[in-house]
Amino acid sequence: MTPLRAHRRGRRRTGGWAPDVTVLPDGTFVLYFAAAVAATGQMCLGAATAAKPEGPYQPSGDQPLVCASGDGGDIDPQTFLDSDGTRYLLYKSNGKPTGPPAAIWSQKLGADGRGLTGARTELLIADLSAEKGVVEAPSVVKTPSRYLLFYSADTFQSTGYHTCYATAPTLSGPFVKADAQFLSTDLLGGKVDAPGGADVVDGHIYFHGWLNGGRTARGLYELPISFPGDTPQLG
C-alpha cells in the first residue's frame with residue numbers, strides 16, 4: 001500500500017451539508033445539497049445551477065428536490081452518470097429510532113438535472129450490527145460487469161466508522177454487501193481514524209478521517225485503487 005496523503009478539510013457552512021456538483025451536456029453545472037427546511041428543521045435535498053463550477057449558484061425552484069416526510073431527513077446527495085447517458089441521484093435517508101432504518105436510495109434525474117423522474121429505488125439499508133443503524137455517503141463505480149456501491153457505516157464521530165461496498169448486476173440492484181469492510185481504522189493500520197465518505201475518481205479513492213488523533217478536524221486522504229475481477233483493491 002502506498003503512503004496515505006492527507007489534506008485538511010474545510011469546515012461545513014452552517015445549514016448546508018455534503019454537496020455534489022455535476023455538469024450537464026449543455027455546460028450547466030448543477031449543485032445538489034442538503035439543508036434544513038425552515039418550517040420543520042428536517043434535512044432535505046435541493047438543487048442549484050451555475051455557468052461555472054465555482055458558481056455563483058442559483059436555487060432551482062422554491063421547493064426541495066427530495067423531502068420525504070417518513071425518511072427522518074435526507075442527506076448526502078451524489079450523482080452517477082451511467083454509460084447510456086442516464087443520470088441518477090443517490091442519497092441517504094436518516095431513518096427513525098422507531099421506524100425504518102437508515103437507507104440509501106437511487107432515482108433518475110431529468111435531462112435538465114433539476115427534477116426527478118419515476119419512482120425511487122432502495123439500494124440497501126443499515127441491517128448489520130457493525131453499521132450501528134447508519135449507512136451513508138453513497139458513491140457508485142461501474143466495472144465491466146458490475147455496479148459497485150461504496151458507502152460509509154456507523155457514525156463519523158466513532159473510531160468504528162468505516163467504508164464498505166456492495167455489488168449488483170444493475171444499478172437498481174439487488175445489491176449484495178461484501179463480506180468484509182473495505183476501509184477501517186484497523187485495516188489502515190491506525191494511520192486514519194474513522195475513514196469514510198469515500199469517492200472513486202480516476203484510479204484513486206478519496207475519503208476523510210480524523211486528524212492528529214483528535215475529534216476537532218477531519219482531513220481528506222487518497223489511495224490508489226484498482227478493480228481486478230470487478231473487485232476493488234487498494235494499491
# chains A, B, ... in the order shown; residues from 1 in each chain; ligands from 1

$ residues_around --residues "Phe227 of chain A" --least-positions-apart "2" --cutoff "12 Å" --atoms "only C-alpha atoms" --output "MDAnalysis selection string"
chainID A and resid 141:148 200 202:205 224:225 229:235

$ write_last_selection --atoms "C-alpha atoms" --output "compact mmCIF listing (two decimals), in the first residue's frame"
# COMPACT_ATOMS: atom_id res chain seq x y z
CA VAL A 141 -18.42 2.79 -9.68
CA LYS A 142 -19.28 0.76 -12.79
CA THR A 143 -16.93 -2.07 -13.77
CA PRO A 144 -17.27 -4.21 -16.92
CA SER A 145 -19.89 -6.49 -15.35
CA ARG A 146 -20.96 -4.98 -12.03
CA TYR A 147 -22.08 -1.85 -10.22
CA LEU A 148 -20.15 -1.22 -7.01
CA VAL A 200 -13.53 6.99 -6.50
CA ASP A 202 -9.54 8.19 -11.97
CA GLY A 203 -7.93 5.27 -10.18
CA HIS A 204 -7.91 6.86 -6.73
CA ILE A 205 -10.21 6.53 -3.74
CA PRO A 224 -4.76 4.25 -5.43
CA ILE A 225 -7.48 1.73 -6.23
CA GLY A 229 -12.01 -9.19 -11.49
CA ASP A 230 -14.54 -6.40 -10.77
CA THR A 231 -13.38 -6.38 -7.13
CA PRO A 232 -11.94 -3.22 -5.51
CA GLN A 233 -8.32 -3.47 -4.39
CA LEU A 234 -6.08 -0.85 -2.79
CA GLY A 235 -2.69 -0.19 -4.30

$ residues_around --residues "segment 161-177 of chain A" --least-positions-apart "4" --cutoff "10 Å" --atoms "only C-alpha atoms" --output "count of residues only"
55

$ atom_distance --atom1 "atom CA of Pro101 of chain A" --atom2 "atom CA of Gly219 of chain A"
28.2 Å

$ select_by_dssp --residues "chain A" --states "strand (DSSP E or B)" --output "PyMOL selection string"
chain A and resi 5-8+16-23+29-36+43-50+58-59+66+74-81+87-93+103-109+116-125+135-142+147-153+162-168+176-177+183+193-201+204-210+218-226+233-234

$ write_last_selection --atoms "C-alpha atoms" --output "short mmCIF file (atom, residue, chain, number, x, y, z; two decimals), in the first residue's frame"
data_model
loop_
_atom_site.label_atom_id
_atom_site.label_comp_id
_atom_site.auth_asym_id
_atom_site.auth_seq_id
_atom_site.Cartn_x
_atom_site.Cartn_y
_atom_site.Cartn_z
CA ARG A 5 -1.74 11.57 1.62
CA ALA A 6 -3.87 13.83 3.80
CA HIS A 7 -5.30 17.27 3.06
CA ARG A 8 -7.03 19.40 5.65
CA GLY A 16 -25.53 23.09 4.38
CA TRP A 17 -24.31 19.53 4.16
CA ALA A 18 -22.28 17.32 1.77
CA PRO A 19 -22.79 18.99 -1.64
CA ASP A 20 -22.18 17.33 -5.01
CA VAL A 21 -21.65 19.05 -8.38
CA THR A 22 -22.24 17.58 -11.83
CA VAL A 23 -22.06 19.14 -15.30
CA PHE A 29 -23.28 22.96 -13.52
CA VAL A 30 -25.81 21.58 -11.06
CA LEU A 31 -25.07 21.52 -7.33
CA TYR A 32 -27.06 19.14 -5.12
CA PHE A 33 -27.04 19.88 -1.42
CA ALA A 34 -28.76 19.06 1.86
CA ALA A 35 -30.15 21.80 4.08
CA ALA A 36 -32.67 22.18 6.89
CA MET A 43 -32.91 17.96 6.30
CA CYS A 44 -33.96 17.86 2.65
CA LEU A 45 -32.20 17.94 -0.72
CA GLY A 46 -32.13 20.84 -3.12
CA ALA A 47 -30.55 21.78 -6.44
CA ALA A 48 -28.89 24.95 -7.72
CA THR A 49 -27.30 25.83 -11.06
CA ALA A 50 -24.39 27.90 -12.31
CA GLN A 58 -28.88 29.99 -8.10
CA PRO A 59 -31.51 27.76 -6.42
CA VAL A 66 -36.22 15.38 -2.08
CA ASP A 74 -32.46 13.19 3.53
CA ILE A 75 -28.75 13.99 3.10
CA ASP A 76 -25.56 13.04 1.22
CA PRO A 77 -26.61 13.58 -2.42
CA GLN A 78 -24.32 12.03 -5.03
CA THR A 79 -24.83 11.86 -8.79
CA PHE A 80 -23.94 8.96 -11.05
CA LEU A 81 -23.83 9.08 -14.87
CA ARG A 87 -28.07 10.44 -14.72
CA TYR A 88 -29.09 9.31 -11.23
CA LEU A 89 -29.24 10.92 -7.83
CA LEU A 90 -28.22 8.77 -4.89
CA TYR A 91 -28.79 9.85 -1.29
CA LYS A 92 -29.30 8.70 2.27
CA SER A 93 -32.48 8.71 4.32
CA ALA A 103 -31.15 3.58 3.81
CA ILE A 104 -29.51 4.54 0.53
CA TRP A 105 -31.72 5.37 -2.44
CA SER A 106 -31.40 6.00 -6.18
CA GLN A 107 -33.69 7.87 -8.56
CA LYS A 108 -33.37 9.00 -12.16
CA LEU A 109 -32.77 12.66 -12.84
CA LEU A 116 -36.51 13.55 -10.64
CA THR A 117 -38.37 11.04 -12.79
CA GLY A 118 -40.05 7.76 -11.92
CA ALA A 119 -40.06 6.08 -8.54
CA ARG A 120 -37.05 5.90 -6.28
CA THR A 121 -35.29 2.59 -5.57
CA GLU A 122 -33.99 1.49 -2.17
CA LEU A 123 -30.48 0.12 -2.75
CA LEU A 124 -29.58 -1.02 0.77
CA ILE A 125 -30.39 -0.46 4.43
CA VAL A 135 -25.39 3.78 6.14
CA GLU A 136 -24.49 6.96 4.25
CA ALA A 137 -22.25 8.73 1.71
CA PRO A 138 -23.11 6.61 -1.38
CA SER A 139 -20.79 6.53 -4.39
CA VAL A 140 -21.11 4.22 -7.42
CA VAL A 141 -18.42 2.79 -9.68
CA LYS A 142 -19.28 0.76 -12.79
CA TYR A 147 -22.08 -1.85 -10.22
CA LEU A 148 -20.15 -1.22 -7.01
CA LEU A 149 -21.82 0.93 -4.37
CA PHE A 150 -19.38 2.31 -1.81
CA TYR A 151 -20.93 3.57 1.41
CA SER A 152 -19.98 4.52 4.97
CA ALA A 153 -21.39 2.93 8.12
CA HIS A 162 -15.80 2.57 8.14
CA THR A 163 -16.29 2.18 4.40
CA CYS A 164 -17.90 -0.85 2.77
CA TYR A 165 -19.15 -1.72 -0.68
CA ALA A 166 -21.97 -3.74 -2.21
CA THR A 167 -22.32 -5.13 -5.73
CA ALA A 168 -25.19 -5.63 -8.16
CA VAL A 176 -25.20 -7.64 -2.05
CA LYS A 177 -22.90 -6.35 0.67
CA LEU A 183 -11.63 0.80 4.79
CA ASP A 193 -9.07 7.25 12.30
CA ALA A 194 -12.63 6.55 11.14
CA PRO A 195 -12.23 6.51 7.32
CA GLY A 196 -15.46 7.30 5.46
CA GLY A 197 -17.18 9.45 2.87
CA ALA A 198 -15.32 7.67 0.07
CA ASP A 199 -15.42 8.60 -3.62
CA VAL A 200 -13.53 6.99 -6.50
CA VAL A 201 -12.05 9.17 -9.27
CA HIS A 204 -7.91 6.86 -6.73
CA ILE A 205 -10.21 6.53 -3.74
CA TYR A 206 -10.65 9.69 -1.68
CA PHE A 207 -12.03 9.58 1.86
CA HIS A 208 -11.91 11.55 5.11
CA GLY A 209 -10.82 10.76 8.65
CA TRP A 210 -9.94 12.46 11.91
CA ARG A 218 -11.20 15.77 9.59
CA GLY A 219 -8.80 15.57 6.66
CA LEU A 220 -9.05 14.27 3.10
CA TYR A 221 -6.99 11.16 2.28
CA GLU A 222 -6.18 9.43 -1.00
CA LEU A 223 -5.07 5.96 -2.02
CA PRO A 224 -4.76 4.25 -5.43
CA ILE A 225 -7.48 1.73 -6.23
CA SER A 226 -8.00 -0.84 -8.97
CA GLN A 233 -8.32 -3.47 -4.39
CA LEU A 234 -6.08 -0.85 -2.79
#

$ closest_residue --among "A:Arg114, A:Lys96, A:Arg215, A:Lys52" --to "Gly72 of chain A" --atoms "only C-alpha atoms"
A:Lys96

$ closest_residue --among "A:Pro25, A:Val192, A:Asp179, A:Gly133" --to "Thr159 of chain A" --atoms "only C-alpha atoms"
A:Val192
